[in-house]
file model.txt (compact mmCIF, C-alpha atoms and all ligand atoms)
# COMPACT_ATOMS: atom_id res chain seq x y z
CA MET A 1305 0.00 0.00 0.00
CA VAL A 1306 2.77 2.44 0.75
CA GLY A 1307 4.49 1.53 -2.54
CA PRO A 1308 2.00 3.26 -4.87
CA CYS A 1309 2.06 6.32 -2.62
CA ILE A 1310 5.85 6.57 -2.76
CA MET A 1311 5.75 5.95 -6.51
CA GLY A 1312 3.21 8.71 -6.97
CA TYR A 1313 4.36 11.33 -4.51
CA GLY A 1314 7.78 10.41 -3.15
CA THR A 1315 11.00 12.20 -3.92
CA ALA A 1316 13.57 10.56 -6.17
CA GLU A 1317 15.56 9.61 -3.05
CA GLN A 1318 12.56 8.03 -1.38
CA LYS A 1319 11.77 6.03 -4.49
CA ALA A 1320 15.36 4.85 -4.85
CA PHE A 1321 15.56 3.84 -1.20
CA TYR A 1322 12.18 2.36 -0.35
CA LEU A 1323 10.82 0.78 -3.53
CA PRO A 1324 13.55 -1.86 -4.03
CA ARG A 1325 13.26 -2.79 -0.34
CA ILE A 1326 9.51 -3.29 -0.71
CA LEU A 1327 10.02 -5.42 -3.81
CA SER A 1328 12.70 -7.57 -2.21
CA GLY A 1329 10.68 -8.03 0.98
CA GLU A 1330 13.47 -6.51 3.02
CA ASP A 1331 10.99 -4.01 4.41
CA PHE A 1332 7.63 -4.98 5.84
CA TRP A 1333 5.29 -2.07 6.46
CA CYS A 1334 2.31 -1.67 8.75
CA GLN A 1335 -0.30 1.02 8.52
CA GLY A 1336 -0.84 3.44 11.39
CA TYR A 1337 -4.06 5.29 10.70
CA SER A 1338 -6.70 4.10 13.19
CA GLU A 1339 -6.60 5.27 16.77
CA PRO A 1340 -8.78 4.37 19.74
CA GLY A 1341 -10.82 7.55 19.09
CA ALA A 1342 -10.36 7.84 15.32
CA GLY A 1343 -11.58 5.23 12.87
CA SER A 1344 -13.65 6.16 9.85
CA ASP A 1345 -13.31 9.79 10.86
CA LEU A 1346 -9.56 10.15 10.43
CA ALA A 1347 -9.72 13.89 10.97
CA SER A 1348 -10.23 13.22 14.67
CA LEU A 1349 -6.85 11.54 15.07
CA GLN A 1350 -4.88 12.67 18.07
CA MET A 1351 -1.44 11.12 17.88
CA ARG A 1352 0.93 14.04 18.28
CA ALA A 1353 4.13 14.73 16.43
CA GLU A 1354 5.72 17.79 17.95
CA PRO A 1355 8.54 19.51 16.11
CA ASP A 1356 11.94 18.92 17.68
CA GLY A 1357 14.68 20.63 15.76
CA ASP A 1358 14.64 19.05 12.33
CA ASP A 1359 12.26 16.34 13.35
CA TYR A 1360 9.47 15.20 15.67
CA ILE A 1361 8.71 13.70 19.06
CA LEU A 1362 5.80 11.30 18.79
CA ASN A 1363 3.25 10.55 21.49
CA GLY A 1364 0.01 8.64 21.27
CA SER A 1365 -1.29 5.35 20.05
CA LYS A 1366 -2.42 3.53 16.94
CA ILE A 1367 -4.83 0.62 17.05
CA TRP A 1368 -5.88 -2.34 14.91
CA THR A 1369 -2.44 -2.23 13.33
CA THR A 1370 -2.24 -5.37 11.25
CA HIS A 1371 1.03 -7.30 11.56
CA ALA A 1372 2.80 -4.56 13.53
CA GLN A 1373 4.53 -7.42 15.33
CA PHE A 1374 6.35 -8.30 12.09
CA ALA A 1375 6.77 -4.87 10.53
CA ASN A 1376 10.05 -3.00 10.55
CA ARG A 1377 8.42 0.17 9.20
CA MET A 1378 5.16 2.01 9.63
CA PHE A 1379 3.50 4.65 7.48
CA CYS A 1380 1.22 6.72 9.60
CA LEU A 1381 -0.83 9.83 9.97
CA VAL A 1382 -0.05 12.13 12.87
CA ARG A 1383 -1.15 15.53 14.07
CA THR A 1384 1.45 18.24 13.66
CA LYS A 1385 -0.86 21.23 14.14
CA PHE A 1386 -3.26 21.47 17.01
CA GLU A 1387 -5.30 24.51 16.17
CA GLY A 1388 -7.56 25.22 13.23
CA LYS A 1389 -9.68 22.76 11.30
CA PRO A 1390 -9.16 19.11 12.36
CA GLN A 1391 -8.72 18.12 8.70
CA GLN A 1392 -5.60 20.26 8.54
CA GLY A 1393 -2.32 19.81 10.33
CA ILE A 1394 -2.13 16.08 9.61
CA THR A 1395 1.21 14.79 8.41
CA PHE A 1396 2.10 11.52 6.71
CA LEU A 1397 5.22 10.02 8.28
CA LEU A 1398 7.38 7.02 7.58
CA LEU A 1399 8.74 5.45 10.77
CA GLU A 1400 11.12 2.75 11.82
CA MET A 1401 9.47 0.32 14.23
CA ASP A 1402 12.60 -0.33 16.29
CA ALA A 1403 12.81 3.26 17.53
CA PRO A 1404 13.04 3.43 21.36
CA GLY A 1405 9.65 4.22 22.92
CA ILE A 1406 7.53 2.14 20.50
CA THR A 1407 5.63 -0.72 22.14
CA VAL A 1408 3.58 -3.22 20.18
CA GLN A 1409 0.83 -4.79 22.28
CA PRO A 1410 -1.03 -7.74 20.78
CA ILE A 1411 -4.83 -7.73 20.45
CA ILE A 1412 -6.01 -11.32 20.42
CA THR A 1413 -9.24 -11.71 18.47
CA LEU A 1414 -12.20 -13.85 19.56
CA ALA A 1415 -10.92 -16.49 17.13
CA GLY A 1416 -7.67 -16.60 19.12
CA ASP A 1417 -5.58 -15.06 16.33
CA HIS A 1418 -2.87 -12.49 16.75
CA GLU A 1419 -3.16 -10.35 13.67
CA VAL A 1420 -3.86 -6.87 14.99
CA ASN A 1421 -2.14 -4.78 17.63
CA GLN A 1422 -2.18 -1.56 19.52
CA VAL A 1423 1.04 0.40 19.07
CA PHE A 1424 2.10 2.91 21.73
CA PHE A 1425 4.45 5.82 21.16
CA ASP A 1426 6.08 7.29 24.26
CA ASP A 1427 8.33 10.22 23.47
CA VAL A 1428 9.56 8.55 20.34
CA ALA A 1429 12.21 10.67 18.69
CA ARG A 1430 11.69 10.31 15.01
CA ARG A 1431 14.97 11.39 13.61
CA GLN A 1432 15.15 12.63 10.09
CA VAL A 1433 17.56 10.08 8.73
CA ARG A 1434 16.23 10.49 5.21
CA PRO A 1435 14.04 13.09 3.57
CA ASP A 1436 10.94 11.01 4.04
CA ARG A 1437 8.40 13.61 5.08
CA ARG A 1438 5.62 14.73 2.83
CA GLY A 1439 2.71 17.09 3.26
CA GLU A 1440 4.06 18.60 6.41
CA GLN A 1441 1.81 21.16 8.09
CA GLY A 1442 -1.23 19.82 6.32
CA LEU A 1443 -1.49 16.55 4.53
CA ASP A 1444 -1.10 16.72 0.82
CA ARG A 1445 -4.74 16.20 -0.01
CA ARG A 1446 -3.93 14.00 -2.98
CA GLN A 1447 -2.26 11.42 -0.76
CA ILE A 1448 -5.15 10.12 1.27
CA PRO A 1449 -7.50 9.35 -1.60
CA ALA A 1450 -4.70 7.57 -3.48
CA ARG A 1451 -3.81 5.54 -0.42
CA ILE A 1452 -7.37 4.65 0.37
CA ARG A 1453 -7.98 3.60 -3.23
CA ALA A 1454 -4.90 1.38 -3.06
CA ARG A 1455 -6.09 -0.11 0.21
CA ARG A 1456 -9.46 -0.94 -1.27
CA GLY A 1457 -7.74 -2.74 -4.10
CA LEU A 1458 -8.93 -0.20 -6.64
CA GLY A 1459 -5.38 0.90 -7.29
CA ALA A 1460 -3.87 4.29 -6.70
CA ARG A 1461 -3.47 6.10 -9.97
CA PRO A 1462 -1.19 9.05 -9.71
CA GLU A 1463 0.12 10.11 -13.09
CA SER A 1464 3.44 8.34 -12.65
CA LEU A 1465 1.91 4.89 -12.20
CA PRO A 1466 1.77 2.71 -15.28
CA ARG A 1467 -1.70 2.36 -16.73
CA PRO A 1468 -3.09 -1.17 -16.98
CA ARG A 1469 -2.66 -2.68 -20.42
CA PRO A 1470 -5.90 -2.52 -22.39
CA ARG A 1471 -7.41 -5.89 -23.09
CA HIS A 1472 -7.13 -6.26 -26.82
CA GLY A 1473 -8.96 -8.71 -28.97
CA ARG A 1474 -5.83 -10.88 -29.00
CA ASP A 1475 -6.05 -11.30 -25.18
CA ARG A 1476 -9.73 -12.09 -25.39
CA GLY A 1477 -8.94 -14.74 -28.01
CA ARG A 1478 -6.25 -16.23 -25.79
CA ARG A 1479 -8.64 -16.39 -22.82
CA ARG A 1480 -11.34 -18.02 -24.99
CA ARG A 1481 -8.87 -20.62 -26.27
CA SER A 1482 -7.67 -21.50 -22.77
CA ARG A 1483 -11.31 -21.83 -21.60
CA LEU A 1484 -11.98 -24.19 -24.53
CA ARG A 1485 -8.86 -26.21 -23.67
CA ARG A 1486 -10.02 -26.55 -20.05
CA GLU A 1487 -13.50 -27.61 -21.17
CA THR A 1488 -12.10 -30.14 -23.66
CA GLY A 1489 -9.82 -31.53 -20.94
CA ARG A 1490 -12.75 -31.92 -18.58
CA ARG A 1491 -14.75 -33.78 -21.25
CA ALA A 1492 -11.79 -36.10 -21.91
CA ASP A 1493 -11.48 -36.78 -18.17
CA ARG A 1494 -15.18 -37.61 -17.98
CA ARG A 1495 -14.85 -40.02 -20.93
CA ARG A 1496 -11.83 -41.69 -19.35
CA GLY A 1497 -13.76 -41.93 -16.07
CA HIS A 1498 -16.57 -43.80 -17.85
CA ARG A 1499 -14.10 -46.28 -19.38
CA ASP A 1500 -12.15 -46.93 -16.11
C1 LIG O 1 -8.97 -7.06 10.79
C2 LIG O 1 -8.74 -5.58 10.84
C3 LIG O 1 -7.49 -5.08 10.52
C4 LIG O 1 -7.25 -3.70 10.57
N1 LIG O 1 -5.99 -3.24 10.28
C5 LIG O 1 -5.74 -1.91 10.37
C6 LIG O 1 -4.43 -1.42 10.10
O1 LIG O 1 -3.50 -2.17 9.79
N2 LIG O 1 -4.22 -0.10 10.25
C7 LIG O 1 -5.20 0.78 10.58
O2 LIG O 1 -4.93 1.98 10.65
N3 LIG O 1 -6.47 0.34 10.84
C8 LIG O 1 -6.75 -0.98 10.72
N4 LIG O 1 -8.01 -1.45 10.98
C9 LIG O 1 -8.99 -0.51 11.44
C10 LIG O 1 -10.12 -0.31 10.47
O3 LIG O 1 -9.70 0.23 9.28
C11 LIG O 1 -11.09 0.53 11.25
O4 LIG O 1 -11.98 -0.43 11.74
C12 LIG O 1 -11.70 1.63 10.53
O5 LIG O 1 -10.80 2.73 10.51
C13 LIG O 1 -13.03 2.00 11.12
O6 LIG O 1 -12.88 2.49 12.42
P1 LIG O 1 -13.72 1.97 13.68
O7 LIG O 1 -13.58 0.49 13.80
O8 LIG O 1 -13.33 2.82 14.84
O9 LIG O 1 -15.21 2.20 13.31
P2 LIG O 1 -16.03 3.56 13.37
O10 LIG O 1 -15.32 4.63 12.64
O11 LIG O 1 -16.42 3.84 14.79
O12 LIG O 1 -17.32 3.14 12.57
C14 LIG O 1 -18.27 2.25 13.13
C15 LIG O 1 -19.41 2.09 12.13
O13 LIG O 1 -20.03 3.35 11.88
C16 LIG O 1 -20.02 3.62 10.49
N5 LIG O 1 -19.76 5.06 10.30
C17 LIG O 1 -18.73 5.75 10.80
N6 LIG O 1 -18.83 7.04 10.45
C18 LIG O 1 -19.95 7.16 9.71
C19 LIG O 1 -20.59 8.24 9.06
N7 LIG O 1 -20.10 9.47 9.11
N8 LIG O 1 -21.71 7.98 8.39
C20 LIG O 1 -22.23 6.74 8.33
N9 LIG O 1 -21.67 5.67 8.93
C21 LIG O 1 -20.55 5.88 9.61
C22 LIG O 1 -18.88 2.79 9.90
O14 LIG O 1 -19.11 2.49 8.54
C23 LIG O 1 -18.95 1.56 10.77
O15 LIG O 1 -19.93 0.66 10.28
C24 LIG O 1 -8.29 -2.81 10.92
C25 LIG O 1 -9.56 -3.33 11.23
C26 LIG O 1 -9.78 -4.67 11.18
C27 LIG O 1 -11.15 -5.19 11.49

call {"tool": "encode", "arguments": {"input": "model.txt", "output": "structure tokens", "more": "lines below"}}
Ligand SMILES: Cc1cc2nc3c(=O)[nH]c(=O)nc-3n(C[C@H](O)[C@H](O)[C@H](O)COP(=O)(O)OP(=O)(O)OC[C@H]3O[C@@H](n4cnc5c(N)ncnc54)[C@H](O)[C@@H]3O)c2cc1C
result
Amino acid sequence: MVGPCIMGYGTAEQKAFYLPRILSGEDFWCQGYSEPGAGSDLASLQMRAEPDGDDYILNGSKIWTTHAQFANRMFCLVRTKFEGKPQQGITFLLLEMDAPGITVQPIITLAGDHEVNQVFFDDVARRQVRPDRRGEQGLDRRQIPARIRARRGLGARPESLPRPRPRHGRDRGRRRRSRLRRETGRRADRRRGHRD
């Protein structure tokens, strides 16, 4: 999910650093949007990221974070401005999960699975090791819709993403032929079954 966002809106450095690590599986990301008091209404999120020199000190909590126990990185939404409209002052940050002050607490579902977690941030110093901040002092409005579309499986489609190949007649013909082959195979199996 974070891949299409970086492809669409990241800097050249972010693309060069993060995208190969996503492809290789070296990085495993979790998504920090939901909070105990902010679900569908993301504008009510409260996790604070207070400026500290070049970077931020993070305090608050994220909840329902899928596979946070495995992730080495998190992309998340945090509040960097505390006055004005709640929709403004939200920043999209990329974090490293092994930063001191991050605690991942399992939430065990009724089925007994450990898939989701609550993640606590206690004075986490998020150091700016790479230029991986975007939309500071107000989320770049284009980011959230693209991310949510990607999450819903509809695909983010910033201009830089490749368009899906149109399905030409040749592809339709290939699909029809493979369907016919499957059908013919099934008929042959049925005939063999009768003989056996
Ligand atoms: C298995 C699982 C994994 C998840 N993983 C993650 C994750 O990795 N990261 C993450 O950030 N979140 C994750 N979530 C959280 C999930 O995306 C939230 O459930 C979601 O943000 C909704 O928040 P909520 O549960 O607080 O529901 P609420 O926002 O309280 O909504 C409750 C109900 O009210 C309805 N509703 C809310 N507002 C309105 C409105 N204005 N008008 C009409 N109806 C409304 C909703 O549709 C819903 O039916 C996960 C959830 C689940 C179940």

call {"tool": "residues_near_ligand", "arguments": {"input": "model.txt", "ligand": "ligand LIG 1 (chain O)", "cutoff": "10 Å", "atoms": "only C-alpha atoms and all ligand atoms", "output": "JSON, numbers by chain"}}
result
{"A": [1333, 1334, 1335, 1336, 1337, 1338, 1339, 1340, 1341, 1342, 1343, 1344, 1345, 1346, 1366, 1367, 1368, 1369, 1370, 1371, 1372, 1378, 1379, 1380, 1381, 1413, 1419, 1420, 1421, 1422, 1455]}

call {"tool": "atom_distance", "arguments": {"input": "model.txt", "atom1": "atom CA of A:Ile1394", "atom2": "atom CA of A:Met1351"}}
result
9.7 Å

call {"tool": "atom_distance", "arguments": {"input": "model.txt", "atom1": "atom CA of A:Glu1317", "atom2": "atom CA of A:Leu1398"}}
result
13.7 Å

call {"tool": "atom_distance", "arguments": {"input": "model.txt", "atom1": "atom CA of A:Thr1407", "atom2": "atom CA of A:Val1306"}}
result
21.8 Å

call {"tool": "residues_around", "arguments": {"input": "model.txt", "residues": "A:Ala1320", "least_positions_apart": "3", "cutoff": "12 Å", "atoms": "all atoms listed in the file", "output": "MDAnalysis selection string"}}
result
chainID A and resid 1307 1310:1311 1314:1317 1323:1327 1434:1436

call {"tool": "write_last_selection", "arguments": {"input": "model.txt", "atoms": "C-alpha atoms", "output": "PDB file, in the coordinates of the input"}}
result
ATOM      1  CA  GLY A1307       4.490   1.530  -2.540  1.00  0.00           C
ATOM      2  CA  ILE A1310       5.850   6.570  -2.760  1.00  0.00           C
ATOM      3  CA  MET A1311       5.750   5.950  -6.510  1.00  0.00           C
ATOM      4  CA  GLY A1314       7.780  10.410  -3.150  1.00  0.00           C
ATOM      5  CA  THR A1315      11.000  12.200  -3.920  1.00  0.00           C
ATOM      6  CA  ALA A1316      13.570  10.560  -6.170  1.00  0.00           C
ATOM      7  CA  GLU A1317      15.560   9.610  -3.050  1.00  0.00           C
ATOM      8  CA  LEU A1323      10.820   0.780  -3.530  1.00  0.00           C
ATOM      9  CA  PRO A1324      13.550  -1.860  -4.030  1.00  0.00           C
ATOM     10  CA  ARG A1325      13.260  -2.790  -0.340  1.00  0.00           C
ATOM     11  CA  ILE A1326       9.510  -3.290  -0.710  1.00  0.00           C
ATOM     12  CA  LEU A1327      10.020  -5.420  -3.810  1.00  0.00           C
ATOM     13  CA  ARG A1434      16.230  10.490   5.210  1.00  0.00           C
ATOM     14  CA  PRO A1435      14.040  13.090   3.570  1.00  0.00           C
ATOM     15  CA  ASP A1436      10.940  11.010   4.040  1.00  0.00           C
TER      16      ASP A1436
END

call {"tool": "closest_residue", "arguments": {"input": "model.txt", "among": "A:Gln1350, A:Ala1415, A:Leu1484, A:Asp1359", "to": "A:Glu1387", "atoms": "all atoms listed in the file"}}
result
A:Gln1350

call {"tool": "closest_residue", "arguments": {"input": "model.txt", "among": "A:Phe1386, A:Tyr1313, A:Phe1374, A:Phe1321", "to": "A:Ala1353", "atoms": "all atoms listed in the file"}}
result
A:Phe1386

call {"tool": "closest_residue", "arguments": {"input": "model.txt", "among": "A:Asp1356, A:Val1382, A:Gln1373, A:Leu1349", "to": "A:Gln1409", "atoms": "all atoms listed in the file"}}
result
A:Gln1373
